[in-house]
Structure formats: C-alpha cells, structure tokens
file final-v6.cif (mmCIF, C-alpha atoms)
data_final
loop_
_atom_site.label_atom_id
_atom_site.label_comp_id
_atom_site.auth_asym_id
_atom_site.auth_seq_id
_atom_site.Cartn_x
_atom_site.Cartn_y
_atom_site.Cartn_z
CA MET A 1 -1.43 -9.11 16.36
CA ASN A 2 -3.56 -9.36 18.56
CA ALA A 3 -7.09 -10.36 17.81
CA ILE A 4 -7.69 -13.59 16.05
CA PRO A 5 -10.89 -12.81 14.19
CA ASN A 6 -12.79 -15.66 12.60
CA PHE A 7 -13.42 -14.51 9.06
CA ASN A 8 -16.18 -17.06 8.68
CA LYS A 9 -18.26 -15.68 11.52
CA GLU A 10 -19.53 -12.35 12.74
CA PRO A 11 -16.76 -9.84 13.52
CA ALA A 12 -15.53 -9.51 17.08
CA ARG A 13 -17.85 -7.56 19.35
CA VAL A 14 -16.95 -3.90 19.44
CA GLU A 15 -17.58 -1.88 22.54
CA LYS A 16 -19.83 1.11 21.86
CA THR A 17 -19.73 0.46 18.12
CA ARG A 18 -23.37 1.56 17.80
CA LYS A 19 -22.53 4.92 19.37
CA GLU A 20 -19.54 5.56 17.16
CA PRO A 21 -20.16 7.18 13.76
CA PHE A 22 -18.85 4.43 11.48
CA PRO A 23 -17.53 6.66 8.65
CA ILE A 24 -15.51 8.79 11.10
CA SER A 25 -14.09 5.70 12.77
CA ILE A 26 -12.76 4.41 9.47
CA LEU A 27 -11.71 7.89 8.34
CA SER A 28 -9.38 8.21 11.33
CA LEU A 29 -7.48 5.24 9.86
CA THR A 30 -7.65 6.88 6.44
CA VAL A 31 -5.92 9.99 7.82
CA GLY A 32 -3.14 7.83 9.22
CA ALA A 33 -2.77 6.04 5.88
CA PHE A 34 -2.63 9.44 4.15
CA ALA A 35 0.20 10.63 6.40
CA ILE A 36 2.16 7.39 5.90
CA GLY A 37 1.69 7.54 2.12
CA MET A 38 2.86 11.14 2.12
CA THR A 39 6.06 10.41 4.05
CA GLU A 40 6.88 7.44 1.82
CA PHE A 41 6.63 9.25 -1.51
CA VAL A 42 7.31 12.94 -0.82
CA ILE A 43 11.06 12.28 -0.53
CA MET A 44 11.14 11.62 -4.29
CA GLY A 45 10.03 15.16 -5.08
CA ILE A 46 12.44 16.88 -2.67
CA LEU A 47 15.44 14.57 -3.15
CA PRO A 48 17.59 17.23 -4.89
CA ASN A 49 16.88 19.66 -2.04
CA VAL A 50 17.86 17.08 0.58
CA ALA A 51 21.04 16.13 -1.30
CA LYS A 52 22.12 19.76 -1.69
CA ASP A 53 21.43 20.72 1.93
CA LEU A 54 23.16 17.66 3.41
CA GLN A 55 25.98 17.83 0.87
CA VAL A 56 25.60 14.32 -0.53
CA SER A 57 25.14 13.08 -4.10
CA ILE A 58 21.71 12.39 -5.59
CA SER A 59 22.48 8.67 -5.70
CA THR A 60 23.47 8.69 -2.03
CA ALA A 61 20.32 10.59 -1.11
CA GLY A 62 18.37 8.02 -3.13
CA GLN A 63 19.38 5.39 -0.57
CA LEU A 64 16.89 7.08 1.77
CA ILE A 65 14.17 5.63 -0.49
CA THR A 66 15.77 2.20 -0.69
CA MET A 67 16.25 1.89 3.07
CA TYR A 68 12.67 2.98 3.69
CA ALA A 69 11.41 0.16 1.46
CA LEU A 70 13.69 -2.34 3.21
CA GLY A 71 12.47 -1.05 6.58
CA VAL A 72 8.90 -1.83 5.52
CA ALA A 73 9.75 -5.20 3.98
CA VAL A 74 11.96 -6.56 6.77
CA GLY A 75 11.14 -4.56 9.87
CA ALA A 76 7.36 -4.49 9.79
CA PRO A 77 6.74 -8.24 10.31
CA ILE A 78 9.31 -8.29 13.12
CA LEU A 79 7.66 -5.32 14.85
CA THR A 80 4.28 -6.97 14.40
CA ILE A 81 5.44 -10.11 16.20
CA LEU A 82 7.16 -8.18 19.00
CA THR A 83 4.03 -6.12 19.71
CA GLN A 84 1.49 -8.94 19.38
CA ARG A 85 0.24 -8.68 22.99
CA ILE A 86 -0.42 -4.93 22.90
CA PRO A 87 -4.14 -4.09 22.48
CA GLN A 88 -4.85 -2.99 18.92
CA LYS A 89 -6.04 0.55 19.62
CA LYS A 90 -3.10 1.20 21.96
CA LEU A 91 -0.73 -0.24 19.37
CA LEU A 92 -2.08 2.08 16.66
CA CYS A 93 -1.50 5.02 18.99
CA LEU A 94 2.06 3.89 19.73
CA LEU A 95 2.74 3.48 16.03
CA MET A 96 1.55 7.01 15.30
CA VAL A 97 3.71 8.35 18.14
CA LEU A 98 6.69 6.55 16.58
CA PHE A 99 5.68 7.95 13.18
CA ILE A 100 5.54 11.50 14.56
CA LEU A 101 8.91 10.97 16.28
CA GLY A 102 10.54 9.74 13.06
CA ASN A 103 9.30 12.70 11.05
CA GLY A 104 10.19 15.08 13.89
CA ILE A 105 13.77 13.80 13.86
CA SER A 106 13.78 14.30 10.07
CA VAL A 107 12.89 17.96 10.57
CA PHE A 108 15.94 18.58 12.77
CA ALA A 109 18.35 15.98 11.33
CA PRO A 110 21.79 17.63 11.33
CA ASN A 111 23.29 15.21 8.81
CA TYR A 112 22.60 12.38 6.39
CA ALA A 113 23.16 9.58 8.92
CA VAL A 114 20.59 10.94 11.37
CA LEU A 115 18.08 11.43 8.54
CA MET A 116 18.63 7.82 7.47
CA VAL A 117 17.89 6.59 11.01
CA ALA A 118 14.76 8.77 11.10
CA ARG A 119 13.55 7.28 7.80
CA ILE A 120 14.07 3.73 9.08
CA ILE A 121 12.14 4.53 12.28
CA THR A 122 9.28 5.90 10.20
CA ALA A 123 9.35 2.88 7.86
CA LEU A 124 8.83 0.49 10.78
CA THR A 125 5.39 2.00 11.39
CA HIS A 126 4.27 1.62 7.76
CA GLY A 127 3.50 -2.07 7.34
CA THR A 128 2.44 -2.63 10.95
CA PHE A 129 -0.04 0.28 10.81
CA PHE A 130 -1.67 -1.07 7.67
CA GLY A 131 -1.64 -4.62 9.03
CA VAL A 132 -3.32 -3.75 12.32
CA GLY A 133 -5.51 -1.08 10.69
CA ALA A 134 -6.88 -3.59 8.18
CA VAL A 135 -7.83 -5.99 10.99
CA ILE A 136 -9.54 -3.20 12.96
CA ALA A 137 -11.36 -1.86 9.88
CA SER A 138 -12.65 -5.34 8.99
CA ASN A 139 -13.84 -5.89 12.57
CA LEU A 140 -15.78 -2.63 12.64
CA VAL A 141 -18.22 -3.78 9.97
CA LYS A 142 -20.35 -6.75 8.99
CA PRO A 143 -18.67 -9.61 7.13
CA ASN A 144 -20.07 -8.54 3.76
CA ARG A 145 -18.50 -5.07 4.10
CA ARG A 146 -14.97 -5.99 5.20
CA ALA A 147 -13.20 -5.38 1.89
CA GLY A 148 -15.04 -2.06 1.55
CA ALA A 149 -13.86 -0.99 5.00
CA VAL A 150 -10.26 -1.91 4.17
CA SER A 151 -10.51 -0.02 0.87
CA ILE A 152 -11.66 3.13 2.67
CA MET A 153 -8.61 2.95 4.94
CA MET A 154 -6.30 2.23 2.00
CA ALA A 155 -7.79 5.20 0.12
CA GLY A 156 -5.66 7.42 2.35
CA LEU A 157 -2.54 5.96 0.73
CA THR A 158 -3.85 6.60 -2.77
CA ILE A 159 -5.16 10.10 -2.01
CA ALA A 160 -1.72 10.93 -0.62
CA ASN A 161 -0.34 10.46 -4.13
CA ILE A 162 -2.87 12.90 -5.59
CA VAL A 163 -2.88 15.60 -2.92
CA GLY A 164 -0.27 14.94 -0.25
CA VAL A 165 2.82 14.34 -2.36
CA PRO A 166 2.36 17.35 -4.68
CA LEU A 167 1.57 19.52 -1.64
CA GLY A 168 4.56 18.20 0.31
CA THR A 169 6.82 18.72 -2.70
CA PHE A 170 5.56 22.30 -3.11
CA ILE A 171 6.20 23.00 0.57
CA GLY A 172 9.68 21.49 0.38
CA GLN A 173 10.66 23.40 -2.73
CA ASN A 174 9.43 26.75 -1.37
CA MET A 175 9.98 26.48 2.40
CA GLY A 176 12.78 23.92 2.59
CA TRP A 177 12.63 20.13 2.67
CA ARG A 178 12.45 20.09 6.47
CA ALA A 179 9.10 21.89 6.27
CA SER A 180 7.73 18.93 4.28
CA PHE A 181 8.47 16.54 7.13
CA ALA A 182 7.06 19.04 9.63
CA ALA A 183 3.79 19.07 7.68
CA ILE A 184 3.75 15.26 7.69
CA ALA A 185 4.33 15.20 11.46
CA VAL A 186 1.30 17.49 11.87
CA MET A 187 -0.76 15.01 9.82
CA GLY A 188 0.47 12.28 12.15
CA VAL A 189 -0.75 14.25 15.16
CA ALA A 190 -4.18 14.65 13.49
CA ALA A 191 -4.32 10.89 12.86
CA LEU A 192 -3.33 10.14 16.47
CA ILE A 193 -6.10 12.38 17.81
CA GLY A 194 -8.63 10.75 15.47
CA ILE A 195 -7.62 7.24 16.59
CA LEU A 196 -7.83 8.21 20.27
CA ILE A 197 -11.31 9.72 19.88
CA PHE A 198 -13.06 7.63 17.25
CA ILE A 199 -11.58 4.12 17.18
CA PRO A 200 -13.49 2.00 19.74
CA LYS A 201 -11.87 -0.60 21.96
CA ILE A 202 -12.20 -4.06 20.50
CA LYS A 203 -12.61 -7.13 22.65
CA GLN A 204 -9.76 -9.42 21.73
CA ASP A 205 -9.30 -13.14 22.02
CA LYS A 206 -6.12 -14.49 23.51
CA PRO A 207 -3.35 -13.78 20.98
CA ALA A 208 -1.73 -16.72 19.29
CA SER A 209 1.83 -17.58 20.26
CA VAL A 210 4.71 -16.46 18.06
CA ILE A 211 5.18 -20.05 16.85
CA GLN A 212 1.48 -20.32 15.97
CA GLN A 213 1.59 -17.03 14.06
CA ILE A 214 4.70 -17.97 12.12
CA SER A 215 3.17 -21.39 11.44
CA ALA A 216 0.08 -19.66 10.07
CA LEU A 217 2.28 -17.86 7.57
CA ALA A 218 3.68 -21.21 6.42
CA ASN A 219 0.32 -22.03 4.84
CA PRO A 220 1.23 -22.84 1.19
CA LYS A 221 -1.92 -21.16 -0.12
CA LEU A 222 -1.14 -18.00 1.86
CA LEU A 223 2.42 -17.92 0.52
CA LEU A 224 1.01 -18.35 -2.98
CA PHE A 225 -1.26 -15.32 -2.55
CA LEU A 226 1.67 -13.30 -1.21
CA LEU A 227 3.50 -14.22 -4.41
CA ILE A 228 0.47 -13.25 -6.49
CA GLY A 229 0.41 -9.85 -4.77
CA ALA A 230 4.16 -9.38 -5.27
CA LEU A 231 3.82 -10.17 -8.98
CA GLY A 232 1.05 -7.59 -9.29
CA ASN A 233 3.23 -4.94 -7.64
CA ALA A 234 6.24 -5.93 -9.73
CA SER A 235 4.15 -5.46 -12.86
CA LEU A 236 2.99 -2.03 -11.66
CA PHE A 237 6.46 -0.73 -10.78
CA THR A 238 8.13 -2.18 -13.87
CA VAL A 239 6.20 0.46 -15.80
CA PHE A 240 5.34 3.12 -13.21
CA THR A 241 8.93 3.68 -12.07
CA TYR A 242 9.82 4.84 -15.58
CA ILE A 243 6.48 6.36 -16.59
CA ALA A 244 7.90 9.91 -16.82
CA PRO A 245 10.65 9.14 -19.37
CA LEU A 246 8.23 6.84 -21.23
CA LEU A 247 5.66 9.63 -21.61
CA MET A 248 8.26 12.22 -22.58
CA GLU A 249 10.47 10.16 -24.91
CA VAL A 250 7.85 7.94 -26.55
CA THR A 251 4.48 9.69 -26.24
CA GLY A 252 5.93 13.17 -26.64
CA PHE A 253 4.61 14.97 -23.55
CA ALA A 254 6.41 17.94 -22.03
CA GLU A 255 7.79 17.50 -18.51
CA HIS A 256 5.16 19.73 -16.89
CA SER A 257 2.36 17.70 -18.51
CA VAL A 258 3.57 14.48 -16.88
CA THR A 259 2.68 15.83 -13.42
CA TRP A 260 -0.96 16.25 -14.39
CA ILE A 261 -1.07 12.86 -16.07
CA LEU A 262 0.17 11.30 -12.83
CA VAL A 263 -2.53 13.18 -10.92
CA LEU A 264 -5.07 11.63 -13.31
CA PHE A 265 -3.45 8.23 -12.68
CA GLY A 266 -3.88 8.88 -8.95
CA CYS A 267 -7.56 9.67 -9.47
CA GLY A 268 -7.95 6.32 -11.21
CA VAL A 269 -6.11 4.65 -8.32
CA THR A 270 -8.46 6.20 -5.75
CA ILE A 271 -11.62 5.27 -7.66
CA GLY A 272 -10.30 1.78 -8.27
CA ASN A 273 -9.52 1.29 -4.60
CA ILE A 274 -13.13 2.02 -3.60
CA VAL A 275 -14.69 0.08 -6.48
CA GLY A 276 -12.36 -2.85 -5.82
CA GLY A 277 -13.53 -3.04 -2.22
CA LYS A 278 -17.15 -3.29 -3.35
CA LEU A 279 -16.31 -5.92 -5.96
CA ALA A 280 -14.41 -8.00 -3.41
CA ASP A 281 -17.33 -7.85 -0.98
CA TRP A 282 -19.56 -9.07 -3.80
CA LYS A 283 -17.41 -11.88 -5.22
CA LEU A 284 -13.93 -12.13 -3.71
CA MET A 285 -11.96 -14.59 -5.86
CA PRO A 286 -13.74 -13.83 -9.14
CA SER A 287 -12.97 -10.13 -8.63
CA ILE A 288 -9.27 -10.79 -7.94
CA VAL A 289 -8.92 -13.01 -11.02
CA GLY A 290 -10.99 -10.67 -13.20
CA LEU A 291 -9.01 -7.58 -12.19
CA TYR A 292 -5.65 -9.27 -12.80
CA PHE A 293 -6.93 -10.20 -16.26
CA ALA A 294 -8.00 -6.58 -16.83
CA VAL A 295 -4.54 -5.29 -15.81
CA SER A 296 -2.80 -7.66 -18.24
CA VAL A 297 -5.12 -6.59 -21.07
CA ILE A 298 -4.73 -2.86 -20.37
CA LEU A 299 -0.92 -3.07 -20.23
CA THR A 300 -0.95 -4.97 -23.52
CA ILE A 301 -3.11 -2.21 -25.01
CA PHE A 302 -0.71 0.39 -23.58
CA SER A 303 2.04 -1.14 -25.73
CA PHE A 304 0.17 0.39 -28.68
CA THR A 305 -1.56 3.44 -27.19
CA MET A 306 1.65 4.88 -25.68
CA HIS A 307 2.39 6.34 -29.12
CA SER A 308 -0.79 8.45 -29.04
CA PRO A 309 -1.07 11.24 -26.40
CA VAL A 310 -4.87 11.04 -25.99
CA ALA A 311 -5.05 7.24 -26.06
CA ALA A 312 -2.08 6.99 -23.67
CA VAL A 313 -3.72 9.25 -21.08
CA ILE A 314 -6.99 7.27 -21.22
CA THR A 315 -5.10 3.98 -20.89
CA ILE A 316 -3.07 5.25 -17.93
CA PHE A 317 -6.23 6.29 -16.07
CA PHE A 318 -7.81 2.84 -16.42
CA TRP A 319 -4.48 1.15 -15.66
CA GLY A 320 -4.35 2.96 -12.31
CA LEU A 321 -7.98 2.09 -11.66
CA VAL A 322 -7.72 -1.68 -12.19
CA SER A 323 -4.21 -2.03 -10.71
CA PHE A 324 -5.34 -0.77 -7.31
CA ALA A 325 -8.88 -2.16 -7.44
CA VAL A 326 -7.44 -5.63 -6.77
CA MET A 327 -5.65 -4.66 -3.55
CA PRO A 328 -8.53 -4.58 -0.99
CA GLY A 329 -9.72 -8.04 -2.06
CA LEU A 330 -6.20 -9.43 -2.02
CA GLN A 331 -5.68 -8.02 1.49
CA ILE A 332 -8.89 -9.63 2.78
CA ARG A 333 -8.02 -12.94 1.12
CA ILE A 334 -4.58 -13.01 2.73
CA MET A 335 -6.02 -12.17 6.16
CA SER A 336 -8.65 -14.91 5.83
CA LEU A 337 -5.98 -17.49 5.08
CA ALA A 338 -4.14 -16.73 8.34
CA GLN A 339 -6.84 -17.10 10.97
CA ALA A 340 -4.29 -17.28 13.78
CA ALA A 341 -2.30 -14.25 12.62
CA PRO A 342 -4.43 -11.86 10.54
CA ALA A 343 -2.43 -8.75 11.44
CA LEU A 344 0.91 -10.45 10.78
CA ALA A 345 -0.42 -11.78 7.46
CA SER A 346 -1.71 -8.34 6.51
CA THR A 347 1.63 -6.76 7.46
CA THR A 348 3.52 -9.43 5.53
CA SER A 349 1.42 -8.68 2.46
CA HIS A 350 2.78 -5.10 2.56
CA SER A 351 6.30 -6.50 2.89
CA ALA A 352 5.72 -8.74 -0.13
CA GLY A 353 4.29 -5.75 -1.98
CA ASN A 354 7.37 -3.63 -1.25
CA LEU A 355 9.64 -6.44 -2.42
CA GLY A 356 7.50 -6.53 -5.57
CA ASN A 357 8.00 -2.77 -5.95
CA ALA A 358 11.78 -3.11 -5.73
CA THR A 359 11.80 -6.11 -8.08
CA GLY A 360 9.64 -4.29 -10.61
CA ALA A 361 11.90 -1.23 -10.58
CA PHE A 362 14.93 -3.49 -11.13
CA ILE A 363 13.24 -5.41 -13.97
CA GLY A 364 12.17 -2.14 -15.60
CA GLY A 365 15.75 -0.86 -15.51
CA TRP A 366 16.98 -4.12 -17.03
CA VAL A 367 14.36 -3.91 -19.79
CA ILE A 368 15.42 -0.35 -20.67
CA SER A 369 19.10 -1.34 -20.76
CA HIS A 370 18.76 -4.59 -22.71
CA LEU A 371 15.55 -4.22 -24.73
CA ALA A 372 13.88 -0.82 -25.07
CA ILE A 373 11.78 1.55 -23.00
CA THR A 374 8.85 0.72 -25.28
CA SER A 375 9.03 -2.90 -24.04
CA LEU A 376 8.03 -1.93 -20.48
CA PRO A 377 4.22 -2.32 -20.89
CA TRP A 378 4.29 -5.81 -22.35
CA VAL A 379 6.85 -6.99 -19.79
CA GLY A 380 4.53 -5.64 -17.08
CA ALA A 381 1.67 -7.53 -18.74
CA VAL A 382 3.68 -10.77 -18.61
CA LEU A 383 4.40 -10.33 -14.88
CA VAL A 384 0.78 -9.72 -13.94
CA GLY A 385 -0.15 -12.55 -16.31
CA LEU A 386 1.90 -14.91 -14.14
CA GLY A 387 -0.07 -13.72 -11.13
CA LEU A 388 -3.28 -14.27 -13.09
CA VAL A 389 -2.34 -17.88 -13.90
CA LEU A 390 -1.62 -18.59 -10.22
CA GLY A 391 -4.89 -16.90 -9.20
CA ILE A 392 -6.92 -18.97 -11.66
CA ALA A 393 -5.22 -22.15 -10.44
CA CYS A 394 -6.14 -21.29 -6.83
CA TYR A 395 -9.72 -20.44 -7.78
CA VAL A 396 -10.21 -23.68 -9.72
CA ALA A 397 -8.69 -25.75 -6.91
CA GLU A 398 -10.96 -24.11 -4.32
CA ARG A 399 -14.06 -24.77 -6.41
CA LYS A 400 -13.08 -28.44 -6.72
CA GLU A 401 -12.59 -28.63 -2.94
CA ARG A 402 -16.07 -27.22 -2.33
CA VAL A 403 -17.64 -29.66 -4.79
CA ALA A 404 -15.81 -32.57 -3.18
#

call {"tool": "encode", "arguments": {"input": "final-v6.cif", "output": "structure tokens"}}
result
Amino acid sequence: MNAIPNFNKEPARVEKTRKEPFPISILSLTVGAFAIGMTEFVIMGILPNVAKDLQVSISTAGQLITMYALGVAVGAPILTILTQRIPQKKLLCLLMVLFILGNGISVFAPNYAVLMVARIITALTHGTFFGVGAVIASNLVKPNRRAGAVSIMMAGLTIANIVGVPLGTFIGQNMGWRASFAAIAVMGVAALIGILIFIPKIKQDKPASVIQQISALANPKLLLFLLIGALGNASLFTVFTYIAPLLMEVTGFAEHSVTWILVLFGCGVTIGNIVGGKLADWKLMPSIVGLYFAVSVILTIFSFTMHSPVAAVITIFFWGLVSFAVMPGLQIRIMSLAQAAPALASTTSHSAGNLGNATGAFIGGWVISHLAITSLPWVGAVLVGLGLVLGIACYVAERKERVA
C-alpha cells in the first residue's frame, strides 16, 4: 500500500539498511508470520474444547474457521486499500496491535458471538500483514534475492504448522483453550517488538490512488496468475483437508501416527518454501511451471502409493515440499504484475489462496460423497494440472513477446 516499488530496478532505498543485520530484519517478519499461522490453524485442534466450554455444537464452532477464512478473503483487500497512505513500518505495527487485540479478546470471550468477532478482527490482519510484509521483505534485498526474502518470511507460516499448532493444541488441551490464544498473543507481542527494533524505515514514493490500485488489479495477466494460485491451493486442500481419514481408512495408519506424518509433511513444506525461493530467484517462470508439473506428477503417484504405508509417507513429504516451493515465486510474480499496487496484489493473492482452500475442501467433500476417498489424489492432480496449463500458456506468450 504504500510504496510502489519498480520490480525492474533496484529496490527502494532503505534508511540504515547497512547497519541493520539483514537476517534479523527478515526474521522479525517471520515471527509475525509464525504467530498468524498459529492463530489460523490452532483452532482446529482445540475445537471440541471451545464447543464444550461455550456450549455450542461442533458444527457451530466450526464456523469460527469458516468466518476466519472469509475475513482473510474479503476483508484483507479492503483493509489494504483503506490503509494505503500509512507508512509500511507503522502499518505493520498497527496490524500486530490489532492481532494482539483480537487474540486478547479471544482469551476473555464470554460467549460464542464475542469469540466470532475476535476471530474476524484477527483475520483482517492476516492477508494485509503478508501483503505488506512481502513488499518490505523484497525491498530489503537486491533484486536477485527478492523471492528468497519472501520465502524466509513465509517460512514462519509453515513452521507454525510443525511447531506452533501442535504446541498450541497441547496448551489448549491441558490448560484450557483460552491459554492457547494467550500464548499466541504473547507471540504477537514478540513480533511487534521485533518489527519496532529491526525493520528499518523505507523511503516511499507517493502512493497510487485507490482507482489506480484497483485498475492495476484489472490486469488480465495478473488475474490469470491469481487463478493459477487459487487452482494450486484448491488442489492442495482437496487432498489435505481429508488426509487423516485417507491415511487411516486407505493406508492403514493408526490415529496417533497421522500426527507425526503431518509433522513430516510440515518439514517438507518448510524445506520447499526455502528451496522454492532460491529457484524463483534463479529462474522465475520456469520454476513456477516446473513445480506445478512436479505437484501434478506426485499427486498422480500418490494415487498408487497411498496403499503402501512407507511409499505413502515418502510421497506425502515430497508433496508438501513441491506444493509450497511454488508459493514464493508466485507471490513475486503477482507483485511484479501490479507495479502500482504491489501490496494490494500480494494481499489479494492470499485472498485468492483462501478461496482456493475453501473450494478445494468443498471439492474434496464432493469427491468423497460421489466418487470415493481414493479418488482425491487424482482429482487434486487434475486441478493443479489446469493451473499448469495456464502457467505454460503464460510462459509461452511471454517468450513470444520478448522475441517480437
């Protein structure tokens, strides 16, 4: 919102950048991403506790997850536009204050309605934080390291699934679900302190008008890449939403084993996020196309390996790796296509991703009801295959434009 960085030139000048330890600067964003990832997913592990304490049904409590996703998808772009004139560092601080407030209200929520409002408040910070954070991270480094910088920030979200969510679930199950949100609020305070101390002030150009920013989003190529990203997420959540019953009913794992398999999946996600950033800095479009191809192949293989415990675990690890390796490059590509509104474009990409998540979960449920749970992997492969076809078409068209 704010800065209008030219992704074809050197990044905007950063005050005192030389004096700031670069890894710590980026890591302060990583901590914020970790806290946001934790608050998004921990509710799934403590849902029965929340439902019992607030005296609502599990399905009613599940709406806390749905409304959070809608808050990210719909609210984040609106908040991004409304706050476009606030300096980026100050905006990040305000977002973390709002995040801490939302989780603080969750701790003391006397009833379901108040908790729902708290979750929506927290959701508003999600997409905008990642949108602005991605712009700041890319401006803190040289052009050939932008995707790597974004991947380091995004690693907080993936690490949250490995460490934060199991920890938050353990706290909630042993100390009460309110303690989980208290722990998340503390993480938010740590992120706020890190941003205040380590993120430098960035000289910003005059922000584009609201009309210019919305017009930037109307770029057909940008909309196409948002669709490509949504298809990738839909593919992921078509399978991942139902991975536990798939592993137990088809592969034959016990319930307690699934937790460790998901931790292994999270390890693959984290590694893939870092590797994907490096690949995107090396060759942006070839890496996006190549990784989408890899996801489609691995999901096709999973259609066969899901019947073998060892083969299934190996496949799931590499599926997590390649599925998230594409995200840093896709984020950078979307930002580069919206020169006048990089933060809004980045935020909108998270909105598109969340819509993809919801669509994938719906498609997966439909597949289980009308086909079979064993059909999930190949349906996921078809969805990401559609994204691959669109990506190849874009890549070929761009190469023709350069030749012409």

call {"tool": "atom_distance", "arguments": {"input": "final-v6.cif", "atom1": "atom CA of A:Cys93", "atom2": "atom CA of A:Leu196"}}
result
7.2 Å

call {"tool": "closest_residue", "arguments": {"input": "final-v6.cif", "among": "A:Ile274, A:Leu330, A:Ile121, A:Val31", "to": "A:Val97", "atoms": "only C-alpha atoms"}}
result
A:Ile121

call {"tool": "resolve_selection", "arguments": {"input": "final-v6.cif", "expression": "the PyMOL selection byres ((chain A and resi 80) around 8)", "output": "number ranges by chain"}}
result
A: 1, 76-79, 81-84, 128, 343-344, 347

call {"tool": "resolve_selection", "arguments": {"input": "final-v6.cif", "expression": "the PyMOL selection byres ((chain A and resi 237) around 12)", "output": "JSON, numbers by chain"}}
result
{"A": [230, 231, 232, 233, 234, 235, 236, 238, 239, 240, 241, 242, 243, 320, 323, 353, 354, 355, 356, 357, 358, 359, 360, 361, 362, 363, 364, 365, 376, 377, 379, 380, 381, 383, 384]}

call {"tool": "atom_distance", "arguments": {"input": "final-v6.cif", "atom1": "atom CA of A:Ile46", "atom2": "atom CA of A:Phe170"}}
result
8.8 Å

call {"tool": "atom_distance", "arguments": {"input": "final-v6.cif", "atom1": "atom CA of A:Gly102", "atom2": "atom CA of A:Ala118"}}
result
4.8 Å

call {"tool": "resolve_selection", "arguments": {"input": "final-v6.cif", "expression": "the PyMOL selection byres ((chain A and resi 137-139) around 7)", "output": "list of chain:residue names"}}
result
A:Pro11, A:Ala12, A:Ile26, A:Gly133, A:Ala134, A:Val135, A:Ile136, A:Leu140, A:Val141, A:Arg146, A:Ala149, A:Val150

call {"tool": "closest_residue", "arguments": {"input": "final-v6.cif", "among": "A:Thr270, A:Ser349, A:Ser308, A:Gln63", "to": "A:Val322", "atoms": "only C-alpha atoms"}}
result
A:Thr270

call {"tool": "closest_residue", "arguments": {"input": "final-v6.cif", "among": "A:Asn219, A:Thr122, A:Thr66, A:Thr374", "to": "A:Ile36", "atoms": "only C-alpha atoms"}}
result
A:Thr122

call {"tool": "closest_residue", "arguments": {"input": "final-v6.cif", "among": "A:Gly188, A:Asp53, A:Ile195, A:Val107", "to": "A:Leu27", "atoms": "all atoms listed in the file"}}
result
A:Ile195

call {"tool": "residues_around", "arguments": {"input": "final-v6.cif", "residues": "A:Trp177", "least_positions_apart": "4", "cutoff": "10 Å", "atoms": "only C-alpha atoms", "output": "JSON, numbers by chain"}}
result
{"A": [42, 43, 45, 46, 47, 48, 49, 50, 53, 106, 107, 168, 169, 170, 171, 172, 173, 181, 182]}

call {"tool": "residues_around", "arguments": {"input": "final-v6.cif", "residues": "A:Phe108", "least_positions_apart": "4", "cutoff": "9 Å", "atoms": "all atoms listed in the file", "output": "list in words"}}
result
Gly104, Leu115 and Arg178 of chain A

call {"tool": "closest_residue", "arguments": {"input": "final-v6.cif", "among": "A:Ala61, A:Ile105, A:Ile271, A:Leu371", "to": "A:Met154", "atoms": "all atoms listed in the file"}}
result
A:Ile271

call {"tool": "closest_residue", "arguments": {"input": "final-v6.cif", "among": "A:Ile314, A:Leu299, A:Ile261, A:Leu222", "to": "A:Gln331", "atoms": "all atoms listed in the file"}}
result
A:Leu222

call {"tool": "residues_around", "arguments": {"input": "final-v6.cif", "residues": "A:Gly148", "least_positions_apart": "3", "cutoff": "12 Å", "atoms": "all atoms listed in the file", "output": "PyMOL selection string"}}
result
chain A and resi 23+26+134+137-145+151-155+272-282+284+325-329+331-332

call {"tool": "residues_near_point", "arguments": {"input": "final-v6.cif", "point": "(0.4, 2.3, -27.0)", "cutoff": "12 Å", "atoms": "all atoms listed in the file", "output": "number ranges by chain"}}
result
A: 246-247, 250-251, 298-316, 374-378

call {"tool": "axis_aligned_box", "arguments": {"input": "final-v6.cif", "around": "stretch 364-373 of chain A", "padding_each_side": "8 Å", "output": "lines of an AutoDock Vina configuration file"}}
result
center_x = 15.4
center_y = -1.5
center_z = -20.3
size_x = 23.3
size_y = 22.1
size_z = 25.6

call {"tool": "residues_around", "arguments": {"input": "final-v6.cif", "residues": "A:Gly71", "least_positions_apart": "2", "cutoff": "9 Å", "atoms": "all atoms listed in the file", "output": "PyMOL selection string"}}
result
chain A and resi 66-69+73-76+119-124+126

call {"tool": "decode", "arguments": {"input": "final-v6.cif", "residues": "stretch 325-335 of chain A", "atoms": "N, CA, C and O atoms", "output": "CSV table (one decimal), in the first residue's frame"}}
result
chain,number,residue,atom,x,y,z
A,325,ALA,N,6.8,-25.0,-2.5
A,325,ALA,CA,8.0,-24.4,-3.1
A,325,ALA,C,7.6,-23.4,-4.2
A,325,ALA,O,8.3,-22.5,-4.5
A,326,VAL,N,6.4,-23.6,-4.7
A,326,VAL,CA,5.9,-22.7,-5.8
A,326,VAL,C,5.5,-21.3,-5.3
A,326,VAL,O,5.4,-20.3,-6.0
A,327,MET,N,5.1,-21.2,-4.0
A,327,MET,CA,4.5,-20.1,-3.5
A,327,MET,C,5.3,-18.8,-3.5
A,327,MET,O,4.8,-17.7,-3.8
A,328,PRO,N,6.6,-18.8,-3.0
A,328,PRO,CA,7.4,-17.6,-3.1
A,328,PRO,C,7.5,-17.0,-4.5
A,328,PRO,O,7.3,-15.8,-4.7
A,329,GLY,N,7.7,-17.8,-5.5
A,329,GLY,CA,7.8,-17.3,-6.9
A,329,GLY,C,6.5,-16.8,-7.4
A,329,GLY,O,6.5,-15.8,-8.1
A,330,LEU,N,5.4,-17.5,-7.0
A,330,LEU,CA,4.1,-17.0,-7.4
A,330,LEU,C,3.8,-15.6,-6.8
A,330,LEU,O,3.2,-14.7,-7.5
A,331,GLN,N,4.2,-15.5,-5.6
A,331,GLN,CA,4.0,-14.2,-4.9
A,331,GLN,C,4.7,-13.0,-5.5
A,331,GLN,O,4.2,-12.0,-5.8
A,332,ILE,N,6.0,-13.3,-5.9
A,332,ILE,CA,6.8,-12.3,-6.5
A,332,ILE,C,6.3,-12.0,-7.9
A,332,ILE,O,6.2,-10.8,-8.3
A,333,ARG,N,5.8,-13.0,-8.6
A,333,ARG,CA,5.3,-12.8,-10.0
A,333,ARG,C,4.0,-11.9,-9.9
A,333,ARG,O,3.9,-11.0,-10.7
A,334,ILE,N,3.2,-12.2,-9.0
A,334,ILE,CA,1.9,-11.4,-8.8
A,334,ILE,C,2.3,-9.9,-8.5
A,334,ILE,O,1.7,-9.0,-9.0
A,335,MET,N,3.2,-9.7,-7.5
A,335,MET,CA,3.6,-8.4,-7.2
A,335,MET,C,4.2,-7.6,-8.3
A,335,MET,O,4.0,-6.4,-8.5
